[in-house]
file query15.pdb (PDB, C-alpha atoms (C1' of nucleotides))
ATOM      1  CA  MET A   1      -8.559 -18.398   6.500
ATOM      2  CA  SER A   2     -10.339 -18.808   3.200
ATOM      3  CA  VAL A   3     -11.093 -16.731   0.137
ATOM      4  CA  PRO A   4     -14.657 -15.330  -0.166
ATOM      5  CA  ALA A   5     -16.827 -17.712  -2.191
ATOM      6  CA  ASP A   6     -17.629 -15.103  -4.837
ATOM      7  CA  TRP A   7     -14.091 -13.766  -5.184
ATOM      8  CA  PRO A   8     -13.016 -13.237  -8.818
ATOM      9  CA  VAL A   9     -10.687 -15.890 -10.190
ATOM     10  CA  GLU A  10     -10.041 -14.404 -13.610
ATOM     11  CA  GLU A  11      -9.191 -11.023 -15.026
ATOM     12  CA  ALA A  12     -12.480 -10.178 -16.764
ATOM     13  CA  GLU A  13     -14.465 -10.734 -13.578
ATOM     14  CA  ALA A  14     -12.055  -8.551 -11.618
ATOM     15  CA  LEU A  15     -12.364  -5.741 -14.163
ATOM     16  CA  ALA A  16     -16.159  -5.940 -13.931
ATOM     17  CA  VAL A  17     -15.985  -5.639 -10.141
ATOM     18  CA  GLN A  18     -13.781  -2.545 -10.440
ATOM     19  CA  LYS A  19     -16.186  -0.965 -12.893
ATOM     20  CA  ARG A  20     -19.075  -1.564 -10.495
ATOM     21  CA  LEU A  21     -17.299  -0.217  -7.385
ATOM     22  CA  ARG A  22     -15.565   2.786  -8.902
ATOM     23  CA  PRO A  23     -18.592   5.151  -8.874
ATOM     24  CA  LEU A  24     -19.021   4.495  -5.153
ATOM     25  CA  VAL A  25     -15.720   6.094  -4.109
ATOM     26  CA  SER A  26     -15.956   9.338  -2.147
ATOM     27  CA  ALA A  27     -12.975  11.705  -2.446
ATOM     28  CA  THR A  28     -13.962  14.120   0.297
ATOM     29  CA  GLY A  29     -13.805  13.926   4.055
ATOM     30  CA  PRO A  30     -11.733  14.894   7.079
ATOM     31  CA  ALA A  31      -8.443  13.626   8.463
ATOM     32  CA  PRO A  32      -8.855  11.492  11.600
ATOM     33  CA  ALA A  33      -9.362  13.326  14.893
ATOM     34  CA  VAL A  34      -6.404  13.289  17.267
ATOM     35  CA  GLY A  35      -6.859  10.375  19.634
ATOM     36  CA  SER A  36      -8.924   8.301  17.211
ATOM     37  CA  LEU A  37      -7.773   4.886  15.992
ATOM     38  CA  VAL A  38      -5.943   4.364  12.716
ATOM     39  CA  ALA A  39      -5.003   0.995  11.254
ATOM     40  CA  GLY A  40      -2.174  -0.062   8.997
ATOM     41  CA  VAL A  41      -2.476  -3.170   6.846
ATOM     42  CA  ASP A  42       0.108  -5.104   4.848
ATOM     43  CA  VAL A  43       0.644  -8.506   3.300
ATOM     44  CA  ALA A  44       3.584 -10.883   2.788
ATOM     45  CA  TYR A  45       3.769 -13.873   0.448
ATOM     46  CA  ASP A  46       5.370 -17.254   0.107
ATOM     47  CA  ASP A  47       4.543 -17.783  -3.548
ATOM     48  CA  GLU A  48       6.257 -21.136  -3.620
ATOM     49  CA  ARG A  49       3.766 -22.492  -1.118
ATOM     50  CA  GLY A  50       0.913 -20.277  -2.248
ATOM     51  CA  VAL A  51       0.595 -18.808   1.240
ATOM     52  CA  VAL A  52      -0.277 -15.245   2.146
ATOM     53  CA  ALA A  53      -0.126 -13.573   5.575
ATOM     54  CA  ALA A  54      -1.837 -10.272   6.345
ATOM     55  CA  ALA A  55      -1.480  -8.023   9.361
ATOM     56  CA  ALA A  56      -3.593  -5.198  10.740
ATOM     57  CA  VAL A  57      -2.141  -2.930  13.408
ATOM     58  CA  LEU A  58      -4.218  -0.361  15.266
ATOM     59  CA  LEU A  59      -2.491   2.816  16.487
ATOM     60  CA  ASP A  60      -3.605   5.788  18.547
ATOM     61  CA  TYR A  61      -3.634   8.733  16.145
ATOM     62  CA  GLY A  62      -1.657  11.053  18.348
ATOM     63  CA  THR A  63       0.701   9.025  20.439
ATOM     64  CA  LEU A  64       1.178   6.436  17.656
ATOM     65  CA  GLU A  65       1.187   3.736  20.345
ATOM     66  CA  VAL A  66       0.024   0.277  19.276
ATOM     67  CA  VAL A  67      -3.469  -0.406  20.624
ATOM     68  CA  ASP A  68      -4.208  -3.752  18.965
ATOM     69  CA  GLU A  69      -2.973  -6.045  16.228
ATOM     70  CA  SER A  70      -4.123  -9.110  14.335
ATOM     71  CA  THR A  71      -3.015 -11.433  11.545
ATOM     72  CA  ALA A  72      -4.614 -13.801   9.045
ATOM     73  CA  VAL A  73      -2.983 -16.555   6.995
ATOM     74  CA  GLY A  74      -4.474 -18.289   3.982
ATOM     75  CA  PRO A  75      -4.115 -19.353   0.347
ATOM     76  CA  VAL A  76      -3.088 -16.833  -2.289
ATOM     77  CA  ALA A  77      -6.338 -15.725  -3.940
ATOM     78  CA  PHE A  78      -5.190 -14.136  -7.192
ATOM     79  CA  PRO A  79      -2.006 -13.680  -9.255
ATOM     80  CA  TYR A  80      -0.140 -10.380  -9.220
ATOM     81  CA  LEU A  81      -1.371  -8.335 -12.143
ATOM     82  CA  PRO A  82      -0.623  -4.596 -12.183
ATOM     83  CA  GLY A  83      -3.931  -2.818 -11.727
ATOM     84  CA  LEU A  84      -5.545  -5.813 -10.011
ATOM     85  CA  LEU A  85      -3.523  -5.893  -6.801
ATOM     86  CA  ALA A  86      -6.633  -5.627  -4.624
ATOM     87  CA  PHE A  87      -7.833  -9.049  -5.698
ATOM     88  CA  ARG A  88      -4.597 -10.571  -4.481
ATOM     89  CA  GLU A  89      -4.326  -8.733  -1.171
ATOM     90  CA  LEU A  90      -7.823  -8.026   0.094
ATOM     91  CA  PRO A  91      -9.114 -11.439   1.220
ATOM     92  CA  ALA A  92      -6.377 -11.752   3.831
ATOM     93  CA  VAL A  93      -6.504  -8.059   4.734
ATOM     94  CA  LEU A  94     -10.265  -8.160   5.324
ATOM     95  CA  GLU A  95      -9.888 -11.073   7.677
ATOM     96  CA  ALA A  96      -7.109  -9.399   9.652
ATOM     97  CA  LEU A  97      -9.135  -6.185   9.934
ATOM     98  CA  ALA A  98     -12.205  -8.084  11.114
ATOM     99  CA  ALA A  99     -10.157  -9.597  13.933
ATOM    100  CA  LEU A 100      -9.324  -6.221  15.483
ATOM    101  CA  GLN A 101     -11.078  -5.431  18.752
ATOM    102  CA  HIS A 102     -12.042  -1.931  17.588
ATOM    103  CA  GLU A 103     -13.059  -0.546  14.220
ATOM    104  CA  PRO A 104     -10.436   1.893  12.872
ATOM    105  CA  ASP A 105     -11.381   5.462  11.945
ATOM    106  CA  LEU A 106      -9.032   5.196   8.988
ATOM    107  CA  VAL A 107      -6.987   2.474   7.296
ATOM    108  CA  VAL A 108      -3.608   3.121   5.671
ATOM    109  CA  CYS A 109      -2.876   0.807   2.739
ATOM    110  CA  ASP A 110       0.442  -0.090   1.148
ATOM    111  CA  GLY A 111      -0.304   0.941  -2.447
ATOM    112  CA  TYR A 112      -2.721   3.234  -4.262
ATOM    113  CA  GLY A 113      -6.320   4.389  -4.039
ATOM    114  CA  LEU A 114      -7.661   6.698  -6.745
ATOM    115  CA  ALA A 115      -4.239   6.772  -8.367
ATOM    116  CA  HIS A 116      -5.020   3.760 -10.516
ATOM    117  CA  PRO A 117      -5.627   3.108 -14.229
ATOM    118  CA  ARG A 118      -9.363   2.751 -13.561
ATOM    119  CA  ARG A 119      -9.425   4.882 -10.388
ATOM    120  CA  LEU A 120      -9.989   1.942  -8.061
ATOM    121  CA  GLY A 121      -6.718   0.903  -6.463
ATOM    122  CA  LEU A 122      -6.365  -1.281  -3.405
ATOM    123  CA  ALA A 123      -7.138   1.478  -0.882
ATOM    124  CA  SER A 124     -10.297   2.653  -2.653
ATOM    125  CA  HIS A 125     -11.477  -0.913  -3.154
ATOM    126  CA  LEU A 126     -11.022  -1.658   0.534
ATOM    127  CA  GLY A 127     -12.819   1.550   1.465
ATOM    128  CA  VAL A 128     -15.862   0.921  -0.700
ATOM    129  CA  HIS A 129     -16.013  -2.727   0.327
ATOM    130  CA  THR A 130     -15.937  -1.989   4.059
ATOM    131  CA  GLY A 131     -17.239   1.581   4.234
ATOM    132  CA  LEU A 132     -14.085   2.567   6.125
ATOM    133  CA  ARG A 133     -12.117   5.753   5.517
ATOM    134  CA  THR A 134      -8.900   4.775   3.688
ATOM    135  CA  ILE A 135      -5.768   6.232   2.121
ATOM    136  CA  GLY A 136      -3.039   4.701  -0.018
ATOM    137  CA  VAL A 137       0.658   5.320   0.588
ATOM    138  CA  ALA A 138       2.859   3.750  -2.092
ATOM    139  CA  LYS A 139       6.635   3.521  -2.365
ATOM    140  CA  THR A 140       6.998   3.844  -6.152
ATOM    141  CA  PRO A 141       5.328   6.052  -8.827
ATOM    142  CA  PHE A 142       3.702   3.109 -10.652
ATOM    143  CA  THR A 143       2.768   4.434 -14.100
ATOM    144  CA  PHE A 144       2.251   8.035 -13.018
ATOM    145  CA  THR A 145       4.392  11.128 -13.547
ATOM    146  CA  HIS A 146       5.573  13.768 -11.113
ATOM    147  CA  GLN A 147       8.187  16.445 -10.508
ATOM    148  CA  ALA A 148      10.500  16.027  -7.558
ATOM    149  CA  PRO A 149       9.007  17.727  -4.489
ATOM    150  CA  GLY A 150      11.149  20.208  -2.510
ATOM    151  CA  PRO A 151      13.819  18.808  -0.190
ATOM    152  CA  GLU A 152      12.135  19.589   3.115
ATOM    153  CA  ARG A 153       9.743  17.343   5.006
ATOM    154  CA  GLY A 154       6.162  18.141   4.020
ATOM    155  CA  ALA A 155       7.005  19.312   0.484
ATOM    156  CA  TRP A 156       4.874  17.746  -2.227
ATOM    157  CA  SER A 157       4.137  17.769  -5.937
ATOM    158  CA  PRO A 158       1.152  16.495  -7.898
ATOM    159  CA  LEU A 159       1.096  12.906  -9.119
ATOM    160  CA  MET A 160      -0.357  13.040 -12.602
ATOM    161  CA  ASP A 161      -2.180  10.639 -14.879
ATOM    162  CA  ALA A 162      -3.583  11.822 -18.196
ATOM    163  CA  GLY A 163      -3.522  15.460 -17.104
ATOM    164  CA  GLU A 164      -5.330  14.697 -13.849
ATOM    165  CA  GLU A 165      -3.941  14.965 -10.310
ATOM    166  CA  VAL A 166      -4.529  11.485  -8.921
ATOM    167  CA  GLY A 167      -2.308  11.792  -5.851
ATOM    168  CA  ARG A 168       0.735  13.573  -4.461
ATOM    169  CA  ALA A 169       4.429  12.783  -4.163
ATOM    170  CA  VAL A 170       5.162  13.693  -0.549
ATOM    171  CA  ARG A 171       8.528  14.209   1.132
ATOM    172  CA  THR A 172       8.154  12.650   4.572
ATOM    173  CA  ARG A 173      11.810  13.079   5.455
ATOM    174  CA  GLN A 174      14.594  15.286   4.214
ATOM    175  CA  GLY A 175      17.096  13.536   1.994
ATOM    176  CA  VAL A 176      14.829  10.557   1.311
ATOM    177  CA  LYS A 177      12.741   9.585  -1.697
ATOM    178  CA  PRO A 178       9.120  10.767  -1.529
ATOM    179  CA  VAL A 179       6.133   8.504  -0.927
ATOM    180  CA  PHE A 180       3.057   8.566  -3.150
ATOM    181  CA  VAL A 181      -0.186   9.401  -1.405
ATOM    182  CA  SER A 182      -3.656   9.014  -2.849
ATOM    183  CA  VAL A 183      -7.238   9.112  -1.632
ATOM    184  CA  GLY A 184      -8.761   5.786  -0.802
ATOM    185  CA  HIS A 185     -12.287   6.562   0.351
ATOM    186  CA  ARG A 186     -14.186   9.196   2.377
ATOM    187  CA  ILE A 187     -11.242  11.617   2.623
ATOM    188  CA  GLY A 188      -9.858  14.513   0.591
ATOM    189  CA  LEU A 189      -6.390  14.517  -0.969
ATOM    190  CA  ALA A 190      -5.034  17.330   1.229
ATOM    191  CA  GLU A 191      -6.358  15.486   4.293
ATOM    192  CA  ALA A 192      -4.773  12.241   3.102
ATOM    193  CA  VAL A 193      -1.410  14.017   2.838
ATOM    194  CA  GLU A 194      -1.883  15.609   6.254
ATOM    195  CA  THR A 195      -2.645  12.188   7.749
ATOM    196  CA  THR A 196       0.397  10.638   6.102
ATOM    197  CA  LEU A 197       2.685  13.293   7.571
ATOM    198  CA  ALA A 198       1.164  12.888  11.024
ATOM    199  CA  LEU A 199       1.901   9.155  10.855
ATOM    200  CA  THR A 200       5.477   9.724   9.699
ATOM    201  CA  PRO A 201       7.432  11.390  12.522
ATOM    202  CA  SER A 202      10.720   9.534  12.077
ATOM    203  CA  PHE A 203      10.985   7.415   8.960
ATOM    204  CA  ARG A 204      10.100   7.500   5.281
ATOM    205  CA  LEU A 205       7.005   5.318   5.678
ATOM    206  CA  PRO A 206       4.055   5.761   8.058
ATOM    207  CA  GLU A 207       4.274   3.989  11.409
ATOM    208  CA  THR A 208       1.115   2.100  10.478
ATOM    209  CA  THR A 209       2.784   0.638   7.409
ATOM    210  CA  ARG A 210       6.013  -0.137   9.226
ATOM    211  CA  ARG A 211       4.231  -1.960  12.035
ATOM    212  CA  ALA A 212       1.992  -3.920   9.678
ATOM    213  CA  ASP A 213       4.906  -4.841   7.416
ATOM    214  CA  SER A 214       6.917  -6.162  10.319
ATOM    215  CA  LEU A 215       3.980  -8.120  11.738
ATOM    216  CA  CYS A 216       2.876  -9.802   8.503
ATOM    217  CA  ARG A 217       6.427 -10.976   7.823
ATOM    218  CA  ARG A 218       6.579 -12.566  11.249
ATOM    219  CA  ALA A 219       3.163 -14.142  10.750
ATOM    220  CA  LEU A 220       4.238 -15.608   7.415
ATOM    221  CA  ALA A 221       7.458 -17.005   8.860
ATOM    222  CA  ALA A 222       5.538 -18.606  11.701
ATOM    223  CA  ALA A 223       2.909 -20.027   9.324
ATOM    224  CA  VAL A 224       5.337 -21.783   6.988
ATOM    225  CA  ALA A 225       7.679 -22.940   9.747
TER
ATOM    226  C1'  DG B   1       3.428  -5.130 -31.652
ATOM    227  C1'  DC B   2       6.613  -4.459 -27.374
ATOM    228  C1'  DG B   3       7.762  -2.986 -22.918
ATOM    229  C1'  DA B   4       6.428  -1.134 -18.270
ATOM    230  C1'  DC B   5       3.787  -1.773 -14.486
ATOM    231  C1'  DA B   6       1.212  -0.648  -6.782
ATOM    232  C1'  DG B   7       2.785  -5.346  -3.948
TER
ATOM    233  C1'  DA C   1       6.441  -9.106  -3.194
ATOM    234  C1'  DT C   2      11.106 -11.753  -2.894
ATOM    235  C1'  DC C   3      16.203 -13.169  -3.555
ATOM    236  C1'  DT C   4      20.566 -10.942  -0.379
ATOM    237  C1'  DT C   5      26.670  -8.740   2.186
ATOM    238  C1'  DG C   6      28.638  -5.402   3.345
ATOM    239  C1'  DT C   7      28.656  -0.720   4.073
ATOM    240  C1'  DC C   8      27.900   4.478   4.458
ATOM    241  C1'  DG C   9      25.968   7.663   7.729
ATOM    242  C1'  DC C  10      23.345   9.703  11.756
TER
END

call {"tool": "encode", "arguments": {"input": "query15.pdb", "output": "structure tokens"}}
result
Amino acid sequence: MSVPADWPVEEAEALAVQKRLRPLVSATGPAPAVGSLVAGVDVAYDDERGVVAAAAVLLDYGTLEVVDESTAVGPVAFPYLPGLLAFRELPAVLEALAALQHEPDLVVCDGYGLAHPRRLGLASHLGVHTGLRTIGVAKTPFTFTHQAPGPERGAWSPLMDAGEEVGRAVRTRQGVKPVFVSVGHRIGLAEAVETTLALTPSFRLPETTRRADSLCRRALAAAVA
DNA sequence: GCGACAG
DNA sequence: ATCTTGTCGC
């Protein structure tokens, strides 16, 4: 695997790319149809060796059975800088997605979409770059504020940034911390929440994320072995 | 100016 | 992200 030739290598370039892509995000659109294909993507790092491994796992949106999976290993493309996560994760993710045998109807990202300082988080960036429908499901509130959602599964509260609802804190399981859902591309916020709950029958995180997380860790271990 | 900050 | 044992609970 390699990093795209024109990939930003420094912060100012990355900020310029975000500014250019941001107006292209669409925050409306339907949840996937039952029986369509949804993908989960995730990335694991060995920073000491500068190696990154990405995984894409395709599930049936209904049975949640795994239909296909792929991995990609390569050099780390960008340092971790809050607000610029996409530049670190996307090269490997794009390659893993391209290796799937079918194009997903929606991609679930580990992180944020419109909930981002400049409204172009990882999920939105991936969506605009590929044209795919995407959502972001993050595990922590980042810099945003929220009230605790109700205790029952499905309860939610707005995730706020500068007086604007940029996502929702969603309880996917009773007695467990909420996850933070935001629009990536070509989907509405309510539909993104609905999709997240449909992908979360048993655990805190969506099955897509859990499968991709497990697979990219194995791919990394195999790559550095 | 300093700290916090998706993964 | 990653470093990491035992332990509480379904």

call {"tool": "resolve_selection", "arguments": {"input": "query15.pdb", "expression": "the PyMOL selection byres ((chain B and resi 2-6) around 12)", "output": "PDB file with C-alpha atoms (C1' of nucleotides), in the coordinates of the input"}}
result
ATOM      1  CA  TYR A  80      -0.140 -10.380  -9.220  1.00  0.00           C
ATOM      2  CA  LEU A  81      -1.371  -8.335 -12.143  1.00  0.00           C
ATOM      3  CA  PRO A  82      -0.623  -4.596 -12.183  1.00  0.00           C
ATOM      4  CA  GLY A  83      -3.931  -2.818 -11.727  1.00  0.00           C
ATOM      5  CA  LEU A  84      -5.545  -5.813 -10.011  1.00  0.00           C
ATOM      6  CA  LEU A  85      -3.523  -5.893  -6.801  1.00  0.00           C
ATOM      7  CA  ALA A  86      -6.633  -5.627  -4.624  1.00  0.00           C
ATOM      8  CA  ARG A  88      -4.597 -10.571  -4.481  1.00  0.00           C
ATOM      9  CA  GLU A  89      -4.326  -8.733  -1.171  1.00  0.00           C
ATOM     10  CA  CYS A 109      -2.876   0.807   2.739  1.00  0.00           C
ATOM     11  CA  ASP A 110       0.442  -0.090   1.148  1.00  0.00           C
ATOM     12  CA  GLY A 111      -0.304   0.941  -2.447  1.00  0.00           C
ATOM     13  CA  TYR A 112      -2.721   3.234  -4.262  1.00  0.00           C
ATOM     14  CA  GLY A 113      -6.320   4.389  -4.039  1.00  0.00           C
ATOM     15  CA  LEU A 114      -7.661   6.698  -6.745  1.00  0.00           C
ATOM     16  CA  ALA A 115      -4.239   6.772  -8.367  1.00  0.00           C
ATOM     17  CA  HIS A 116      -5.020   3.760 -10.516  1.00  0.00           C
ATOM     18  CA  PRO A 117      -5.627   3.108 -14.229  1.00  0.00           C
ATOM     19  CA  LEU A 120      -9.989   1.942  -8.061  1.00  0.00           C
ATOM     20  CA  GLY A 121      -6.718   0.903  -6.463  1.00  0.00           C
ATOM     21  CA  LEU A 122      -6.365  -1.281  -3.405  1.00  0.00           C
ATOM     22  CA  ALA A 123      -7.138   1.478  -0.882  1.00  0.00           C
ATOM     23  CA  GLY A 136      -3.039   4.701  -0.018  1.00  0.00           C
ATOM     24  CA  VAL A 137       0.658   5.320   0.588  1.00  0.00           C
ATOM     25  CA  ALA A 138       2.859   3.750  -2.092  1.00  0.00           C
ATOM     26  CA  LYS A 139       6.635   3.521  -2.365  1.00  0.00           C
ATOM     27  CA  THR A 140       6.998   3.844  -6.152  1.00  0.00           C
ATOM     28  CA  PRO A 141       5.328   6.052  -8.827  1.00  0.00           C
ATOM     29  CA  PHE A 142       3.702   3.109 -10.652  1.00  0.00           C
ATOM     30  CA  THR A 143       2.768   4.434 -14.100  1.00  0.00           C
ATOM     31  CA  PHE A 144       2.251   8.035 -13.018  1.00  0.00           C
ATOM     32  CA  VAL A 179       6.133   8.504  -0.927  1.00  0.00           C
ATOM     33  CA  PHE A 180       3.057   8.566  -3.150  1.00  0.00           C
ATOM     34  CA  VAL A 181      -0.186   9.401  -1.405  1.00  0.00           C
ATOM     35  CA  SER A 182      -3.656   9.014  -2.849  1.00  0.00           C
TER      36      SER A 182
ATOM     37  C1'  DG B   1       3.428  -5.130 -31.652  1.00  0.00           C
ATOM     38  C1'  DG B   7       2.785  -5.346  -3.948  1.00  0.00           C
TER      39       DG B   7
ATOM     40  C1'  DA C   1       6.441  -9.106  -3.194  1.00  0.00           C
TER      41       DA C   1
END

call {"tool": "atom_distance", "arguments": {"input": "query15.pdb", "atom1": "CA of Gln101 (chain A)", "atom2": "CA of Pro75 (chain A)"}}
result
24.1 Å

call {"tool": "closest_residue", "arguments": {"input": "query15.pdb", "among": "A:Ala223, A:Val43, A:Val9, A:Ala190", "to": "chain C", "atoms": "all atoms listed in the file"}}
result
A:Val43

call {"tool": "residues_around", "arguments": {"input": "query15.pdb", "residues": "Lys19 (chain A)", "least_positions_apart": "3", "cutoff": "12 Å", "atoms": "all atoms listed in the file", "output": "compact mmCIF listing (two decimals) with C-alpha atoms, keeping the file's coordinate frame"}}
result
# COMPACT_ATOMS: atom_id res chain seq x y z
CA ALA A 12 -12.48 -10.18 -16.76
CA GLU A 13 -14.46 -10.73 -13.58
CA ALA A 14 -12.06 -8.55 -11.62
CA LEU A 15 -12.36 -5.74 -14.16
CA ALA A 16 -16.16 -5.94 -13.93
CA ARG A 22 -15.56 2.79 -8.90
CA PRO A 23 -18.59 5.15 -8.87
CA LEU A 24 -19.02 4.50 -5.15
CA VAL A 25 -15.72 6.09 -4.11
CA PRO A 117 -5.63 3.11 -14.23
CA ARG A 118 -9.36 2.75 -13.56
CA ARG A 119 -9.43 4.88 -10.39
CA LEU A 120 -9.99 1.94 -8.06
CA GLY A 121 -6.72 0.90 -6.46
CA HIS A 125 -11.48 -0.91 -3.15

call {"tool": "residues_around", "arguments": {"input": "query15.pdb", "residues": "Thr71 (chain A)", "least_positions_apart": "3", "cutoff": "6 Å", "atoms": "only C-alpha atoms (C1' of nucleotides)", "output": "JSON, numbers by chain"}}
result
{"A": [54, 55, 96]}

call {"tool": "residues_around", "arguments": {"input": "query15.pdb", "residues": "Arg133 (chain A)", "least_positions_apart": "3", "cutoff": "10 Å", "atoms": "all atoms listed in the file", "output": "CSV table (one decimal) with C-alpha atoms, keeping the file's coordinate frame"}}
result
chain,number,residue,atom,x,y,z
A,26,SER,CA,-16.0,9.3,-2.1
A,27,ALA,CA,-13.0,11.7,-2.4
A,29,GLY,CA,-13.8,13.9,4.1
A,30,PRO,CA,-11.7,14.9,7.1
A,31,ALA,CA,-8.4,13.6,8.5
A,32,PRO,CA,-8.9,11.5,11.6
A,38,VAL,CA,-5.9,4.4,12.7
A,104,PRO,CA,-10.4,1.9,12.9
A,105,ASP,CA,-11.4,5.5,11.9
A,106,LEU,CA,-9.0,5.2,9.0
A,107,VAL,CA,-7.0,2.5,7.3
A,108,VAL,CA,-3.6,3.1,5.7
A,123,ALA,CA,-7.1,1.5,-0.9
A,124,SER,CA,-10.3,2.7,-2.7
A,126,LEU,CA,-11.0,-1.7,0.5
A,127,GLY,CA,-12.8,1.6,1.5
A,128,VAL,CA,-15.9,0.9,-0.7
A,130,THR,CA,-15.9,-2.0,4.1
A,183,VAL,CA,-7.2,9.1,-1.6
A,184,GLY,CA,-8.8,5.8,-0.8
A,185,HIS,CA,-12.3,6.6,0.4
A,186,ARG,CA,-14.2,9.2,2.4
A,187,ILE,CA,-11.2,11.6,2.6

call {"tool": "closest_residue", "arguments": {"input": "query15.pdb", "among": "A:Leu159, A:Val76, A:Ala44, A:Val93", "to": "chain B", "atoms": "all atoms listed in the file"}}
result
A:Ala44

call {"tool": "atom_distance", "arguments": {"input": "query15.pdb", "atom1": "CA of Thr200 (chain A)", "atom2": "CA of Cys216 (chain A)"}}
result
19.7 Å

call {"tool": "closest_residue", "arguments": {"input": "query15.pdb", "among": "A:Glu48, A:Glu164, A:Glu69, A:Glu194", "to": "chain C", "atoms": "all atoms listed in the file"}}
result
A:Glu48

call {"tool": "atom_distance", "arguments": {"input": "query15.pdb", "atom1": "CA of Ala53 (chain A)", "atom2": "CA of Arg217 (chain A)"}}
result
7.4 Å

call {"tool": "resolve_selection", "arguments": {"input": "query15.pdb", "expression": "the PyMOL selection byres ((chain A and resi 102) around 9)", "output": "PyMOL selection string"}}
result
chain A and resi 37+58+68+98-101+103-104

call {"tool": "closest_residue", "arguments": {"input": "query15.pdb", "among": "A:Gly40, A:Pro79, A:Gly154, A:Pro8", "to": "chain C", "atoms": "only C-alpha atoms (C1' of nucleotides)"}}
result
A:Pro79

call {"tool": "axis_aligned_box", "arguments": {"input": "query15.pdb", "around": "region 1-4 of chain B", "padding_each_side": "6 Å", "output": "AutoDock Vina command-line options"}}
result
--center_x 5.6 --center_y -3.1 --center_z -25.0 --size_x 16.3 --size_y 16.0 --size_z 25.4

call {"tool": "build_atoms", "arguments": {"input": "query15.pdb", "residues": "region 54-59 of chain A", "atoms": "all heavy atoms", "output": "PDB file, keeping the file's coordinate frame"}}
result
ATOM      1  N   ALA A  54      -1.488 -11.688   6.229  1.00  0.00           N
ATOM      2  CA  ALA A  54      -1.837 -10.272   6.345  1.00  0.00           C
ATOM      3  C   ALA A  54      -1.749  -9.855   7.803  1.00  0.00           C
ATOM      4  O   ALA A  54      -1.901 -10.671   8.708  1.00  0.00           O
ATOM      5  CB  ALA A  54      -3.254 -10.028   5.828  1.00  0.00           C
ATOM      6  N   ALA A  55      -1.505  -8.564   8.006  1.00  0.00           N
ATOM      7  CA  ALA A  55      -1.480  -8.023   9.361  1.00  0.00           C
ATOM      8  C   ALA A  55      -2.247  -6.715   9.387  1.00  0.00           C
ATOM      9  O   ALA A  55      -2.225  -5.945   8.423  1.00  0.00           O
ATOM     10  CB  ALA A  55      -0.048  -7.790   9.822  1.00  0.00           C
ATOM     11  N   ALA A  56      -2.939  -6.483  10.491  1.00  0.00           N
ATOM     12  CA  ALA A  56      -3.593  -5.198  10.740  1.00  0.00           C
ATOM     13  C   ALA A  56      -3.115  -4.719  12.099  1.00  0.00           C
ATOM     14  O   ALA A  56      -3.157  -5.469  13.074  1.00  0.00           O
ATOM     15  CB  ALA A  56      -5.110  -5.351  10.725  1.00  0.00           C
ATOM     16  N   VAL A  57      -2.634  -3.482  12.145  1.00  0.00           N
ATOM     17  CA  VAL A  57      -2.141  -2.930  13.408  1.00  0.00           C
ATOM     18  C   VAL A  57      -2.878  -1.627  13.680  1.00  0.00           C
ATOM     19  O   VAL A  57      -2.960  -0.752  12.816  1.00  0.00           O
ATOM     20  CB  VAL A  57      -0.624  -2.676  13.356  1.00  0.00           C
ATOM     21  CG1 VAL A  57      -0.141  -2.082  14.675  1.00  0.00           C
ATOM     22  CG2 VAL A  57       0.118  -3.963  13.046  1.00  0.00           C
ATOM     23  N   LEU A  58      -3.430  -1.528  14.885  1.00  0.00           N
ATOM     24  CA  LEU A  58      -4.218  -0.361  15.266  1.00  0.00           C
ATOM     25  C   LEU A  58      -3.377   0.561  16.140  1.00  0.00           C
ATOM     26  O   LEU A  58      -2.828   0.147  17.157  1.00  0.00           O
ATOM     27  CB  LEU A  58      -5.452  -0.852  16.026  1.00  0.00           C
ATOM     28  CG  LEU A  58      -6.669   0.060  16.154  1.00  0.00           C
ATOM     29  CD1 LEU A  58      -7.192   0.472  14.781  1.00  0.00           C
ATOM     30  CD2 LEU A  58      -7.754  -0.684  16.931  1.00  0.00           C
ATOM     31  N   LEU A  59      -3.275   1.844  15.733  1.00  0.00           N
ATOM     32  CA  LEU A  59      -2.491   2.816  16.487  1.00  0.00           C
ATOM     33  C   LEU A  59      -3.375   3.963  16.970  1.00  0.00           C
ATOM     34  O   LEU A  59      -4.380   4.292  16.338  1.00  0.00           O
ATOM     35  CB  LEU A  59      -1.380   3.421  15.616  1.00  0.00           C
ATOM     36  CG  LEU A  59      -0.383   2.526  14.904  1.00  0.00           C
ATOM     37  CD1 LEU A  59       0.714   3.399  14.302  1.00  0.00           C
ATOM     38  CD2 LEU A  59       0.216   1.505  15.829  1.00  0.00           C
TER      39      LEU A  59
END
